[in-house]
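Undergrad: Sharing structure.txt below, compact mmCIF, C-alpha atoms:
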```txt
# COMPACT_ATOMS: atom_id res chain seq x y z
CA MET A 206 0.00 0.00 0.00
CA THR A 207 1.35 3.41 -0.93
CA PHE A 208 1.29 6.39 1.40
CA SER A 209 1.67 9.29 -1.02
CA PRO A 210 0.64 10.02 -4.63
CA PHE A 211 4.29 10.93 -5.20
CA ASP A 212 5.24 7.23 -5.08
CA SER A 213 1.89 5.61 -5.90
CA PRO A 214 1.95 3.06 -8.76
CA ILE A 215 -1.15 4.78 -10.12
CA TYR A 216 -0.70 8.47 -9.37
CA SER A 217 3.06 8.69 -9.76
CA THR A 218 2.54 8.64 -13.53
CA ILE A 219 1.48 12.26 -13.02
CA TYR A 220 2.82 13.21 -9.58
CA GLY A 221 6.00 11.14 -9.48
CA ASP A 222 9.64 12.04 -9.99
CA THR A 223 11.90 9.02 -9.58
CA GLU A 224 15.13 11.05 -9.82
CA VAL A 225 14.16 13.34 -6.96
CA ARG A 226 12.49 10.65 -4.87
CA ALA A 227 15.68 8.57 -4.94
CA LEU A 228 17.47 11.36 -3.06
CA PHE A 229 15.00 11.25 -0.17
CA THR A 230 14.75 7.53 0.51
CA ASP A 231 15.92 6.04 3.80
CA SER A 232 18.71 4.26 1.94
CA ALA A 233 19.96 7.53 0.46
CA GLU A 234 19.96 9.18 3.88
CA VAL A 235 21.88 6.31 5.50
CA ARG A 236 24.41 6.26 2.66
CA ALA A 237 24.95 10.02 3.03
CA MET A 238 25.38 9.70 6.81
CA LEU A 239 27.98 6.95 6.32
CA LEU A 240 29.84 9.18 3.88
CA VAL A 241 29.91 12.01 6.42
CA GLU A 242 31.04 9.73 9.24
CA GLY A 243 33.78 8.22 7.10
CA THR A 244 35.03 11.56 5.87
CA LEU A 245 34.88 13.00 9.38
CA ALA A 246 37.10 10.18 10.67
CA LYS A 247 39.55 10.69 7.81
CA VAL A 248 40.04 14.41 8.47
CA GLN A 249 40.25 13.84 12.21
CA GLY A 250 42.98 11.29 11.62
CA GLU A 251 44.87 13.69 9.38
CA LEU A 252 44.58 16.35 12.08
CA GLY A 253 45.89 13.96 14.73
CA LEU A 254 42.67 13.91 16.73
CA ILE A 255 42.20 10.15 16.39
CA PRO A 256 44.66 7.41 15.36
CA LEU A 257 45.33 7.62 11.63
CA ASP A 258 45.08 3.86 11.08
CA SER A 259 41.61 3.86 12.68
CA ALA A 260 40.60 6.92 10.66
CA LEU A 261 41.58 5.28 7.37
CA TYR A 262 39.90 2.02 8.33
CA ILE A 263 36.64 3.83 9.16
CA HIS A 264 36.81 5.87 5.96
CA ARG A 265 37.28 2.78 3.81
CA ALA A 266 34.58 0.86 5.66
CA SER A 267 32.09 3.73 5.22
CA MET A 268 32.19 3.14 1.47
CA GLU A 269 31.86 -0.64 1.74
CA VAL A 270 29.52 -1.61 4.58
CA GLN A 271 25.77 -1.92 4.24
CA VAL A 272 23.50 -0.63 7.00
CA ASP A 273 19.85 -1.65 6.78
CA PRO A 274 17.63 1.43 7.37
CA ALA A 275 14.96 -0.78 8.94
CA GLY A 276 17.45 -1.73 11.62
CA LEU A 277 17.54 1.88 12.83
CA ALA A 278 13.81 2.04 13.65
CA ALA A 279 14.08 1.00 17.30
CA GLY A 280 16.88 3.48 17.94
CA MET A 281 14.89 6.25 16.28
CA ALA A 282 11.89 5.48 18.49
CA LYS A 283 14.09 5.56 21.58
CA THR A 284 16.21 8.69 20.98
CA GLY A 285 14.34 10.64 18.30
CA SER A 286 17.38 10.42 16.00
CA PRO A 287 18.59 7.63 13.70
CA VAL A 288 22.25 8.58 14.17
CA PRO A 289 23.15 6.69 17.39
CA ALA A 290 21.65 3.50 15.97
CA MET A 291 23.41 4.06 12.65
CA VAL A 292 26.76 4.57 14.39
CA ALA A 293 26.23 1.36 16.40
CA ALA A 294 25.23 -0.59 13.29
CA PHE A 295 28.20 0.82 11.36
CA GLY A 296 30.56 -0.23 14.15
CA ARG A 297 29.17 -3.77 14.23
CA ALA A 298 29.40 -4.08 10.45
CA MET A 299 33.08 -3.04 10.56
CA GLU A 300 33.91 -6.00 12.83
CA ALA A 301 36.87 -4.06 14.21
CA PRO A 302 35.97 -2.69 17.67
CA ASP A 303 39.41 -1.14 18.23
CA HIS A 304 38.80 1.10 15.22
CA ALA A 305 35.01 1.43 15.54
CA LYS A 306 35.27 3.26 18.87
CA TYR A 307 36.50 6.33 16.95
CA ILE A 308 33.40 6.58 14.75
CA HIS A 309 31.47 9.82 15.36
CA TRP A 310 34.35 11.18 17.46
CA GLY A 311 33.42 14.52 19.02
CA ALA A 312 30.39 14.95 16.74
CA ARG A 313 26.77 15.75 17.48
CA SER A 314 24.02 13.70 15.86
CA GLN A 315 22.64 16.88 14.28
CA ASP A 316 26.03 17.58 12.67
CA ILE A 317 25.78 14.29 10.81
CA LEU A 318 22.12 14.68 9.87
CA ASP A 319 22.53 18.24 8.61
CA THR A 320 25.67 17.60 6.57
CA ALA A 321 24.21 14.39 5.11
CA LEU A 322 21.12 16.35 4.08
CA VAL A 323 23.27 19.02 2.43
CA LEU A 324 25.04 16.35 0.38
CA ARG A 325 21.71 15.09 -0.96
CA LEU A 326 20.42 18.61 -1.55
CA ARG A 327 23.55 19.32 -3.59
CA GLN A 328 22.48 16.59 -6.00
CA TYR A 329 18.96 17.98 -6.02
CA VAL A 330 20.20 21.50 -6.78
CA ARG A 331 22.19 20.16 -9.74
CA LEU A 332 19.03 18.50 -11.03
CA LEU A 333 17.02 21.71 -10.58
CA ASN A 334 19.64 23.76 -12.41
CA THR A 335 19.66 21.32 -15.33
CA ARG A 336 15.88 21.43 -15.66
CA LEU A 337 15.72 25.20 -15.29
CA GLU A 338 18.39 25.65 -17.95
CA ALA A 339 16.36 23.43 -20.28
CA LEU A 340 13.46 25.89 -19.89
CA SER A 341 15.55 29.02 -20.36
CA GLY A 342 14.77 29.24 -24.08
CA PRO A 343 10.96 29.15 -24.30
CA ARG A 344 9.57 32.66 -23.96
CA GLN A 345 6.52 31.30 -22.15
CA PHE A 346 8.67 30.56 -19.11
CA ALA A 347 10.62 33.80 -19.06
CA GLU A 348 9.57 34.53 -15.47
CA LEU A 349 11.65 31.59 -14.32
CA GLU A 350 14.83 33.59 -14.81
CA ALA A 351 14.40 35.56 -11.59
CA ALA A 352 13.74 32.42 -9.56
CA HIS A 353 16.72 30.71 -11.16
CA GLN A 354 18.95 33.60 -10.17
CA LYS A 355 17.66 33.37 -6.58
CA LEU A 356 18.53 29.67 -6.60
CA GLN A 357 22.13 30.53 -7.50
CA THR A 358 22.30 32.88 -4.52
CA VAL A 359 20.58 30.56 -2.06
CA GLN A 360 22.64 27.51 -2.90
CA THR A 361 25.81 29.25 -1.71
CA ARG A 362 24.23 29.55 1.76
CA LEU A 363 22.65 26.11 1.62
CA LEU A 364 25.56 23.91 0.51
CA VAL A 365 27.57 24.49 3.66
CA VAL A 366 29.12 21.89 5.94
CA ARG A 367 27.40 21.74 9.33
CA PHE A 368 29.74 20.77 12.16
CA ILE A 369 29.57 22.33 15.60
CA GLY A 370 30.89 19.36 17.52
CA ILE A 371 30.47 18.53 21.17
CA SER A 372 33.26 20.82 22.35
CA GLY A 373 32.50 23.72 20.01
CA GLY A 374 36.07 24.99 20.41
CA ALA A 375 39.11 25.48 18.21
CA ASP A 376 39.32 21.77 17.39
CA SER A 377 35.73 21.83 16.13
CA THR A 378 36.46 24.81 13.89
CA GLU A 379 39.52 23.07 12.47
CA VAL A 380 37.54 19.91 11.83
CA GLU A 381 34.73 21.90 10.24
CA LEU A 382 37.07 23.54 7.73
CA ALA A 383 38.79 20.27 6.88
CA LEU A 384 35.45 18.45 6.53
CA ALA A 385 34.15 21.18 4.22
CA ALA A 386 37.20 20.82 1.98
CA ALA A 387 37.01 17.02 1.93
CA LEU A 388 33.29 16.99 1.05
CA LYS A 389 33.68 19.87 -1.43
CA LEU A 390 31.19 21.99 0.51
CA SER A 391 31.51 25.59 1.62
CA ALA A 392 32.55 26.54 5.13
CA PRO A 393 30.08 28.62 7.17
CA THR A 394 30.10 32.34 6.55
CA ASP A 395 30.67 34.89 9.29
CA PRO A 396 28.15 35.24 10.83
CA PRO A 397 26.86 31.82 9.76
CA ILE A 398 23.29 31.34 8.60
CA SER A 399 21.73 28.48 10.54
CA ALA A 400 20.88 25.22 8.84
CA ARG A 401 17.19 25.80 9.52
CA GLU A 402 17.24 29.31 8.03
CA ALA A 403 19.00 28.01 4.92
CA ILE A 404 16.41 25.26 4.47
CA VAL A 405 13.50 27.71 4.74
CA GLU A 406 15.15 30.08 2.27
CA PHE A 407 15.75 27.21 -0.16
CA ALA A 408 12.19 25.93 0.15
CA SER A 409 10.93 29.45 -0.52
CA VAL A 410 12.82 29.53 -3.82
CA ILE A 411 11.34 26.18 -4.86
CA SER A 412 7.90 27.58 -4.09
CA GLU A 413 8.68 30.63 -6.25
CA ILE A 414 9.74 28.33 -9.08
CA THR A 415 6.49 26.36 -8.96
CA ALA A 416 4.45 29.58 -8.77
CA ALA A 417 6.22 30.99 -11.83
CA LEU A 418 5.65 27.76 -13.75
CA ALA A 419 1.95 27.74 -12.87
CA LYS A 420 1.54 31.36 -13.90
CA ASN A 421 3.37 30.95 -17.21
CA ALA A 422 1.49 27.73 -17.99
CA GLN A 423 -1.66 29.82 -18.40
CA SER A 424 -0.35 30.89 -21.81
CA PHE A 425 -0.46 27.26 -22.98
CA PRO A 426 -3.62 25.36 -23.97
CA ALA A 427 -5.33 23.71 -21.01
CA SER A 428 -3.85 20.28 -20.29
CA ILE A 429 -3.10 17.80 -17.54
CA GLN A 430 0.38 19.34 -17.35
CA SER A 431 -0.94 22.84 -16.68
CA GLU A 432 -3.26 21.45 -13.99
CA VAL A 433 -0.33 19.68 -12.33
CA LEU A 434 1.70 22.89 -12.36
CA ALA A 435 -1.11 24.75 -10.63
CA THR A 436 -1.45 21.94 -8.08
CA MET A 437 2.28 21.86 -7.30
CA ALA A 438 2.35 25.64 -6.83
CA ILE A 439 -0.44 25.51 -4.25
CA PHE A 440 1.06 22.45 -2.58
CA THR A 441 4.57 23.87 -2.18
CA ALA A 442 3.18 27.13 -0.79
CA SER A 443 1.22 25.22 1.84
CA GLN A 444 4.23 23.11 2.83
CA LEU A 445 6.44 26.19 2.95
CA SER A 446 4.13 27.72 5.53
CA LEU A 447 4.93 24.80 7.85
CA LEU A 448 8.65 25.52 7.61
CA GLN A 449 8.11 29.23 8.14
CA SER A 450 6.05 28.77 11.29
CA ALA A 451 8.04 29.90 14.33
CA HIS A 452 8.20 27.44 17.20
CA PRO A 453 10.21 27.71 20.42
CA GLN A 454 11.17 24.02 20.39
CA ASN A 455 13.90 23.22 17.90
CA THR A 456 12.89 19.56 17.93
CA VAL A 457 9.48 20.53 16.58
CA MET A 458 11.07 22.60 13.80
CA LEU A 459 13.27 19.64 12.87
CA ALA A 460 10.22 17.37 12.75
CA LEU A 461 8.34 19.81 10.52
CA GLU A 462 11.37 20.02 8.25
CA LYS A 463 11.47 16.24 7.97
CA LEU A 464 7.78 16.15 7.10
CA ALA A 465 7.74 19.02 4.63
CA LEU A 466 11.11 19.41 2.90
CA ALA A 467 11.15 16.21 0.84
CA GLN A 468 7.57 16.90 -0.26
CA ILE A 469 8.53 20.39 -1.41
CA CYS A 470 11.56 19.10 -3.30
CA ILE A 471 9.60 16.36 -5.05
CA ALA A 472 6.81 18.78 -5.96
CA GLY A 473 9.36 21.19 -7.43
CA GLY A 474 10.88 18.40 -9.49
CA VAL A 475 7.46 17.25 -10.69
CA ALA A 476 6.54 20.78 -11.77
CA LEU A 477 9.75 21.26 -13.75
CA LYS A 478 9.39 17.85 -15.37
CA HIS A 479 5.86 18.66 -16.59
CA ALA A 480 6.94 22.11 -17.77
CA GLN A 481 9.57 20.46 -19.95
CA THR A 482 6.98 18.19 -21.57
CA MET A 483 4.88 21.25 -22.42
CA THR A 484 7.74 22.76 -24.42
CA ASP A 485 8.91 19.58 -26.18
```
Starting from the coordinates I provided, produce the structure as structure tokens.
TA:
Amino acid sequence: MTFSPFDSPIYSTIYGDTEVRALFTDSAEVRAMLLVEGTLAKVQGELGLIPLDSALYIHRASMEVQVDPAGLAAGMAKTGSPVPAMVAAFGRAMEAPDHAKYIHWGARSQDILDTALVLRLRQYVRLLNTRLEALSGPRQFAELEAAHQKLQTVQTRLLVVRFIGISGGADSTEVELALAAALKLSAPTDPPISAREAIVEFASVISEITAALAKNAQSFPASIQSEVLATMAIFTASQLSLLQSAHPQNTVMLALEKLALAQICIAGGVALKHAQTMTD
């Protein structure tokens, strides 16, 4: 049984986007977290913060081991985060306890989650840029240019490594810079924009893109595609309002982000995909 029209065998023919959906699966999230953990260990080893042989072992293992997302469910229910369970599962899969004890050294769970999300959003941004560039010629979608320019600006604040660390001191700053370089992400600006602010800003641009597509589609003959564009514009605006709602508890904001962000990204991809078919 499907949960959402975005991945329904019936409705995904209209509302689906397999390329975008693949970036927001549990497997994709776990793979991204493993990449962050492995790279973190590598840079910490190079900086002399953990034994280099352990760092290299963890880094290599992060690209080879398989961690079943379903195995993280109990840990998620217990702590509210999949990271501790993922770290434990990663350590078991390595079968090298002397090295495994250095996994996640000095890191916060949110550091791993945020940086892993940024890695997946980087792939999504590349996909968006490709689809927007494909629509840059048709005069009917001229209003997309402004939104595309905003995307270029926002992505520089979005694609930033997120590492505060447990200590939050000089070592954390050094690790953050090295991790950014290793993952080919930007280092935080001064003053840094928070991960949550960057996500809301990014989601706002996606909403602007879908709104522009829906508006410009009115110049085309009525079709299923134009109806989908209108639907995605309304849908992304409604989901954006969830992210923009202020709440004193950061855990609630994180939960809303988890519920809304993937939906916004998929809707943006769906809209762009249908816009391309209208100009083919």
Undergrad: Go through A:Ile414, A:Ala301, A:Leu228, A:Ala422 one by one, measure the shortest atom-to-atom distance of each to Ala442 in chain A using all atoms listed in the file, and give the residue with the smallest value.
TA: A:Ile414
Undergrad: Write out as JSON lines the residues of range 366-442 of chain A that have any atom within 7 Å of an atom of range 352-361 of chain A, one row each with the nearest atom pair and its distance in Å to one decimal, counting all atoms listed in the file, sorted by chain and then rising number.
TA:
```
{"residue": "A:Glu406", "atom": "CA", "partner": "A:Val359", "partner_atom": "CA", "distance": 7.0}
{"residue": "A:Phe407", "atom": "CA", "partner": "A:Val359", "partner_atom": "CA", "distance": 6.2}
{"residue": "A:Val410", "atom": "CA", "partner": "A:Leu356", "partner_atom": "CA", "distance": 6.4}
{"residue": "A:Glu413", "atom": "CA", "partner": "A:Ala352", "partner_atom": "CA", "distance": 6.3}
{"residue": "A:Ile414", "atom": "CA", "partner": "A:Ala352", "partner_atom": "CA", "distance": 5.7}
```
Undergrad: Between CA of Arg313 in chain A and CA of Ala467 in chain A, what is the distance in Å, rounded to a tenth?
TA: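 Result for CA of Arg313 in chain A versus CA of Ala467 in chain A: 22.8 Å, one decimal.
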Undergrad: Separation of CA of Gln430 in chain A and CA of Thr482 in chain A, in Å?
TA: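 Computing it gives 7.9 Å between the two atoms.
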Undergrad: Which polymer residues have any atom within 7 Å of an atom of range 374-389 of chain A, counting all atoms listed in the file, with same-chain residues fewer than 5 positions away left out, as number ranges by chain?
TA: A: 244-245, 248-249, 366, 368-369
Undergrad: Show me, as a list in words, the residues that have an atom within 10 Å of Gln423 in chain A when counting only C-alpha atoms, minus same-chain residues fewer than 3 positions from it.
TA: Gln345, Leu418, Ala419, Lys420, Pro426, Ala427, Ser428, Ser431, Glu432, Leu434 and Ala435 of chain A
Undergrad: For a quick check of understanding, using only C-alpha atoms, which of A:Ser443, A:Ala417, A:Ile255, A:Asp319 has the smallest distance to Glu350 in chain A?
TA: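 Of the candidates, the smallest distance to Glu350 in chain A is held by A:Ala417.
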Undergrad: Would you work out the distance separating CA of Met458 in chain A from CA of Arg401 in chain A, expressed in Å to one decimal?
TA: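 The value is 8.1 Å.
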Undergrad: Within 9 Å of Val365 in chain A, counting all atoms listed in the file, which residues show up once you throw out same-chain ones fewer than 2 positions away? Write them as number ranges by chain, please.
TA: A: 320, 323, 360-363, 367, 385, 390-394, 400
Undergrad: Please build the interface table for range 273-379 of chain A against range 212-225 of chain A with a cut-off of 12 Å, listing for each qualifying residue the nearest atom pair and the distance in Å to one decimal; count only C-alpha atoms, order rows by chain and increasing number, and write it as a Markdown table.
TA:
```
| residue | atom | partner | partner_atom | distance |
| --- | --- | --- | --- | --- |
| A:Arg325 | CA | A:Val225 | CA | 9.8 |
| A:Leu326 | CA | A:Val225 | CA | 9.8 |
| A:Arg327 | CA | A:Val225 | CA | 11.6 |
| A:Gln328 | CA | A:Val225 | CA | 9.0 |
| A:Tyr329 | CA | A:Val225 | CA | 6.7 |
| A:Val330 | CA | A:Val225 | CA | 10.2 |
| A:Arg331 | CA | A:Val225 | CA | 10.9 |
| A:Leu332 | CA | A:Val225 | CA | 8.2 |
| A:Leu333 | CA | A:Val225 | CA | 9.6 |
| A:Arg336 | CA | A:Glu224 | CA | 11.9 |
```
Undergrad: Using all atoms listed in the file for the distances, tell me which of A:Thr441, A:Ser259, A:Ser372, A:Ser412 is nearest to Tyr307 in chain A.
TA: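 Distance minimum relative to Tyr307 in chain A lands on A:Ser259.
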Undergrad: Which residue is closest to Ala246 in chain A? Choose from A:Gly474, A:Gly311, A:Pro397, A:Pro210 and count only C-alpha atoms.
TA: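 For Ala246 in chain A, the nearest of the candidates is A:Gly311.
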Undergrad: Hey, what's within 9 Å of Leu261 in chain A if we count all atoms listed in the file and toss same-chain stuff fewer than 5 positions away? As a PyMOL selection string, please?
TA: chain A and resi 243+246-247+250+256+266
Undergrad: So, counting only C-alpha atoms, which residue among A:Phe211, A:Phe425, A:Phe229, A:Tyr262 is closest to Ala321 in chain A?
TA: A:Phe229
Undergrad: Looking at all atoms listed in the file, which of A:Val433, A:His309, A:Thr484, A:Leu448 is the one that sits closest to Ala472 in chain A?
TA: A:Val433
